[in-house]
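Novice: This is run_15.txt, which holds compact mmCIF, C-alpha atoms:
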# COMPACT_ATOMS: atom_id res chain seq x y z
CA MET F 389 130.42 150.12 48.60
CA VAL F 390 132.18 148.42 51.49
CA SER F 391 129.73 149.99 53.87
CA GLY F 392 126.81 148.81 51.76
CA ARG F 393 128.08 145.24 51.67
CA LYS F 394 128.53 145.09 55.43
CA THR F 395 125.04 146.40 55.99
CA THR F 396 123.58 143.91 53.55
CA SER F 397 125.43 141.02 55.21
CA LEU F 398 124.33 142.17 58.67
CA ASP F 399 120.72 142.48 57.57
CA THR F 400 120.84 138.99 56.13
CA GLU F 401 122.18 137.51 59.38
CA VAL F 402 119.54 139.30 61.43
CA ALA F 403 116.82 138.08 59.07
CA ASP F 404 118.12 134.51 59.35
CA GLU F 405 118.05 134.74 63.16
CA LYS F 406 114.47 135.99 63.05
CA VAL F 407 113.47 133.07 60.86
CA VAL F 408 115.10 130.62 63.25
CA VAL F 409 113.39 132.23 66.24
CA VAL F 410 110.01 132.18 64.54
CA GLU F 411 110.44 128.56 63.48
CA ASN F 412 111.49 127.52 66.99
CA GLY F 413 108.57 129.39 68.53
CA THR F 414 106.12 127.76 66.14
CA THR F 415 107.51 124.32 66.79
CA GLY F 416 107.42 124.79 70.59
CA GLY F 417 103.84 126.05 70.53
CA SER F 418 102.69 123.09 68.44
CA SER F 419 104.41 120.64 70.79
CA GLY F 420 102.89 122.31 73.85
CA GLY F 421 99.44 122.19 72.27
CA SER F 422 99.81 118.47 71.53
CA VAL F 423 100.87 117.72 75.11
CA ARG F 424 97.98 119.75 76.50
CA GLN F 425 95.53 118.02 74.18
CA ALA F 426 96.86 114.59 75.19
CA GLY F 427 96.49 115.53 78.85
CA GLU F 428 92.92 116.65 78.32
CA GLN F 429 92.08 113.42 76.50
CA LYS F 430 93.61 111.38 79.31
CA ALA F 431 91.64 113.29 81.94
CA ALA F 432 88.42 112.86 79.95
CA LEU F 433 89.10 109.12 79.66
CA MET F 434 89.65 108.82 83.41
CA ILE F 435 86.40 110.68 84.10
CA ARG F 436 84.60 108.40 81.67
CA LYS F 437 85.96 105.30 83.41
CA ALA F 438 84.89 106.67 86.80
CA ASP F 439 81.37 107.27 85.45
CA VAL F 440 81.19 103.73 84.08
CA ALA F 441 82.39 102.36 87.43
CA GLN F 442 79.60 104.25 89.23
CA VAL F 443 76.99 102.79 86.88
CA VAL F 444 78.36 99.28 87.42
CA VAL F 445 78.26 99.67 91.21
CA ARG F 446 74.65 100.91 91.01
CA LEU F 447 73.71 97.91 88.90
CA LEU F 448 75.34 95.47 91.33
CA CYS F 449 73.72 97.20 94.31
CA MET F 450 70.28 96.96 92.73
CA SER F 451 70.84 93.29 91.87
CA THR F 452 71.99 92.31 95.36
CA SER F 453 69.16 94.16 97.10
CA LEU F 454 66.62 92.51 94.79
CA ALA F 455 68.20 89.12 95.48
CA ALA F 456 67.99 89.72 99.24
CA LEU F 457 64.34 90.73 98.85
CA LEU F 458 63.35 87.76 96.68
CA PHE F 459 65.09 85.13 98.81
CA MET F 460 63.46 86.49 101.94
CA VAL F 461 59.88 86.73 100.59
CA THR F 462 60.15 83.14 99.32
CA ALA F 463 61.28 81.87 102.74
CA LYS F 464 58.41 79.69 103.95
CA GLU F 465 58.07 76.01 104.76
CA SER F 466 55.89 73.60 106.74
CA SER F 467 56.98 70.42 108.51
CA THR F 468 56.74 68.59 111.85
CA VAL F 469 58.93 68.89 114.93
CA SER F 470 59.27 66.60 117.94
CA ILE F 471 58.94 68.21 121.41
CA TYR F 472 58.85 66.00 124.52
CA GLY F 473 58.18 63.06 122.24
CA PHE F 474 55.20 64.67 120.57
CA SER F 475 55.22 65.41 116.85
CA LEU F 476 53.81 68.84 116.23
CA PRO F 477 53.20 70.51 112.87
CA VAL F 478 55.19 73.68 112.34
CA TYR F 479 54.93 76.31 109.68
CA SER F 480 57.38 79.16 109.26
CA LYS F 481 57.21 82.21 107.05
CA TRP F 482 59.31 85.34 106.77
CA SER F 483 56.39 87.59 107.72
CA PHE F 484 56.21 85.97 111.17
CA SER F 485 59.34 87.89 112.22
CA ASP F 486 59.55 91.66 112.55
CA SER F 487 63.27 91.50 111.78
CA PHE F 488 62.66 89.70 108.50
CA GLU F 489 59.95 92.20 107.58
CA TYR F 490 62.38 95.02 108.32
CA LEU F 491 64.95 93.43 106.02
CA VAL F 492 62.37 93.15 103.23
CA GLY F 493 61.39 96.80 103.62
CA VAL F 494 64.96 98.06 103.62
CA SER F 495 65.92 95.87 100.66
CA ALA F 496 62.95 97.17 98.68
CA ALA F 497 63.90 100.78 99.47
CA VAL F 498 67.53 100.21 98.45
CA ALA F 499 66.45 98.49 95.24
CA ALA F 500 64.22 101.45 94.35
CA HIS F 501 66.99 103.95 95.19
CA SER F 502 69.56 102.01 93.16
CA LEU F 503 67.20 101.61 90.20
CA LEU F 504 66.46 105.34 90.10
CA GLN F 505 70.13 106.28 90.26
CA LEU F 506 70.98 103.61 87.69
CA LEU F 507 68.46 105.00 85.20
CA LEU F 508 69.65 108.57 85.70
CA SER F 509 73.33 107.61 85.48
CA THR F 510 72.85 105.45 82.38
CA SER F 511 70.92 108.17 80.55
CA ARG F 512 73.65 110.72 81.30
CA LEU F 513 76.35 108.25 80.30
CA LEU F 514 74.69 107.57 76.94
CA ARG F 515 74.39 111.31 76.34
CA LYS F 516 78.10 111.64 77.24
CA SER F 517 77.22 113.95 80.09
CA PRO F 518 78.76 113.78 83.60
CA VAL F 519 77.06 111.13 85.73
CA ILE F 520 77.27 113.53 88.69
CA PRO F 521 76.33 116.96 87.32
CA SER F 522 77.01 119.10 90.40
CA ARG F 523 78.40 119.14 93.93
CA ASN F 524 74.90 119.39 95.39
CA HIS F 525 73.93 116.21 93.55
CA ALA F 526 77.09 114.50 94.79
CA TRP F 527 76.33 115.44 98.40
CA LEU F 528 72.79 114.16 98.00
CA LEU F 529 74.05 110.84 96.65
CA PHE F 530 76.60 110.57 99.45
CA ALA F 531 73.96 111.15 102.12
CA GLY F 532 71.59 108.63 100.53
CA ASP F 533 74.26 105.97 100.12
CA GLN F 534 75.37 106.41 103.73
CA LEU F 535 71.82 106.23 105.05
CA PHE F 536 70.91 103.11 103.11
CA ALA F 537 74.22 101.43 103.95
CA TYR F 538 73.55 101.80 107.69
CA ALA F 539 69.96 100.63 107.19
CA MET F 540 71.11 97.51 105.32
CA MET F 541 73.66 96.77 108.04
CA SER F 542 71.07 97.07 110.80
CA ALA F 543 68.56 94.93 108.87
CA GLY F 544 71.13 92.21 108.24
CA SER F 545 72.23 92.23 111.87
CA ALA F 546 68.66 91.99 113.18
CA ALA F 547 67.80 89.17 110.81
CA SER F 548 71.02 87.34 111.71
CA GLY F 549 70.01 87.23 115.38
CA VAL F 550 66.66 85.61 114.60
CA SER F 551 68.21 83.18 112.13
CA ASN F 552 70.85 82.15 114.66
CA LEU F 553 68.15 81.48 117.23
CA ASN F 554 66.34 79.23 114.75
CA ARG F 555 69.51 77.25 114.18
CA THR F 556 70.69 76.86 117.78
CA GLY F 557 67.41 76.81 119.70
CA ILE F 558 67.28 78.07 123.28
CA ARG F 559 69.62 76.56 125.87
CA HIS F 560 68.19 74.77 128.92
CA THR F 561 64.84 74.35 127.19
CA SER F 562 63.35 71.77 124.89
CA LEU F 563 63.09 74.27 122.05
CA PRO F 564 64.82 72.43 119.19
CA ASN F 565 66.91 73.49 116.26
CA PHE F 566 64.13 74.37 113.85
CA CYS F 567 66.52 74.53 110.90
CA LYS F 568 66.90 70.74 111.00
CA THR F 569 63.22 70.53 110.19
CA LEU F 570 62.82 73.73 108.18
CA GLN F 571 66.02 73.48 106.16
CA SER F 572 64.72 75.23 103.04
CA PHE F 573 63.35 78.15 105.06
CA CYS F 574 66.61 78.69 106.91
CA ASP F 575 68.66 78.44 103.72
CA HIS F 576 66.56 81.13 102.06
CA VAL F 577 66.96 83.38 105.07
CA ALA F 578 70.72 82.82 105.22
CA ILE F 579 71.19 83.65 101.54
CA SER F 580 69.04 86.75 101.90
CA ILE F 581 71.13 87.96 104.85
CA ALA F 582 74.35 87.34 102.89
CA PHE F 583 73.08 89.46 100.00
CA THR F 584 72.02 92.13 102.47
CA PHE F 585 75.52 92.51 103.87
CA PHE F 586 77.00 92.46 100.36
CA GLY F 587 74.59 95.23 99.38
CA CYS F 588 75.77 97.21 102.40
CA PHE F 589 79.35 96.83 101.17
CA LEU F 590 78.41 98.04 97.67
CA LEU F 591 76.65 101.09 99.11
CA ALA F 592 79.81 101.87 101.07
CA VAL F 593 81.82 101.61 97.83
CA SER F 594 79.37 103.99 96.15
CA ALA F 595 79.75 106.44 99.04
CA ILE F 596 83.53 106.31 98.62
CA GLN F 597 83.11 107.08 94.92
CA ASP F 598 81.03 110.12 95.88
CA VAL F 599 83.78 111.30 98.24
CA ILE F 600 86.43 110.89 95.53
CA TRP F 601 84.32 112.94 93.12
CA LEU F 602 83.83 115.68 95.71
CA SER F 603 87.56 115.81 96.46
CA ASN F 604 88.42 116.18 92.76
CA ASN F 605 85.79 118.79 91.90
Can the structure in the file be given as structure tokens, please?
Specialist:
Amino acid sequence: MVSGRKTTSLDTEVADEKVVVVENGTTGGSSGGSVRQAGEQKAALMIRKADVAQVVVRLLCMSTSLAALLFMVTAKESSTVSIYGFSLPVYSKWSFSDSFEYLVGVSAAVAAHSLLQLLLSTSRLLRKSPVIPSRNHAWLLFAGDQLFAYAMMSAGSAASGVSNLNRTGIRHTSLPNFCKTLQSFCDHVAISIAFTFFGCFLLAVSAIQDVIWLSNN
């Protein structure tokens, strides 16, 4: 009888320990699952924010390139200028300068590139799919953003040289400051150049976003 009681008591203690162990294991597993789920949700939210940021940058890039294009193609004005005491009619238009034409061409290409990427990114975002689906796509975007950024920089620099010449004239000659006479034309050109450099900056930001995506995937 004594032996039976001891065995029964021992079995009860062992059973209690098993219950405690099972309960602790269940509780720990549930807590670990909750932490893992919270981490996954946080990572998904960060990816979503990064995708939205890429769409916003594309939208801004398209807007600035279109603004640079529109201000340049509307840059034209006619007036009169005095040289050696003679009043001569002058007419200036953006298409008279190769540099301005180059800026228009590059701005149009960047606007088309940004619009295409904006449409693709927005459609993927609405479908809750990754904006950048693969590494190959990311490399392609990075190469395109880099190429167009350098093109915008060169176009803005070339146009700046011509615009500066219009404002200062040529030293030691009677060539005047045409921007005193053609103020509207020069203002349009200056605004277009400013948007061109801003578009170059946005393309650089987009390229950095591509690099960040490549480093994290």
Novice: Excluding Leu504 (chain F) and residues on its chain fewer than 4 positions from it, collect all residues at most 12 Å away from it, counting only C-alpha atoms, and give them as a VMD selection string.
Specialist: chain F and resid 443 446 to 447 449 to 450 497 to 500 508 to 511 529
Novice: Which residues are near Asp439 (chain F)? Cut-off 8 Å, only C-alpha atoms, ignore same chain within fewer than 5 positions. Put them as a list in words.
Specialist: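 Contacts, in chain order: Leu513, Pro518 and Val519 of chain F.
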Novice: Considering all atoms listed in the file, can you say which of F:Ser542, F:Ser522, F:Ser580, F:Ser422 comes closest to Asn605 (chain F)?
Specialist: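 Using all atoms listed in the file, the shortest distance to Asn605 (chain F) belongs to F:Ser522.
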Novice: Rank F:Arg436, F:His576, F:Arg523, F:Lys516 by their smallest atom-to-atom distance to Trp482 (chain F), using only C-alpha atoms, and report the top residue only.
Specialist: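 Closest residue, counting only C-alpha atoms: F:His576.
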Novice: Just checking: using all atoms listed in the file, which residue out of F:Val445, F:Val599, F:Ala592, F:Met460 ends up closest to Gly544 (chain F)?
Specialist: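 For Gly544 (chain F), the nearest of the candidates is F:Met460.
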Novice: Between F:Ala543, F:Val550, F:Ala531, F:Ala438, which residue has the minimum interatomic distance to Phe583 (chain F), considering all atoms listed in the file?
Specialist: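 Using all atoms listed in the file, Phe583 (chain F) sits closest to F:Ala543.
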Novice: Between F:Ser517, F:Ser548, F:Ser451, F:Ser483, which residue has the minimum interatomic distance to Ala578 (chain F), considering all atoms listed in the file?
Specialist: F:Ser548
Novice: When you draw a straight line from CA of Leu507 (chain F) to CA of Phe488 (chain F), how long is it in Å?
Specialist: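 Interatomic distance here is 28.5 Å.
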Novice: In Å, how far is it from CA of Gly587 (chain F) to CA of Gly493 (chain F)?
Specialist: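 Going from CA of Gly587 (chain F) over to CA of Gly493 (chain F) covers 14.0 Å.
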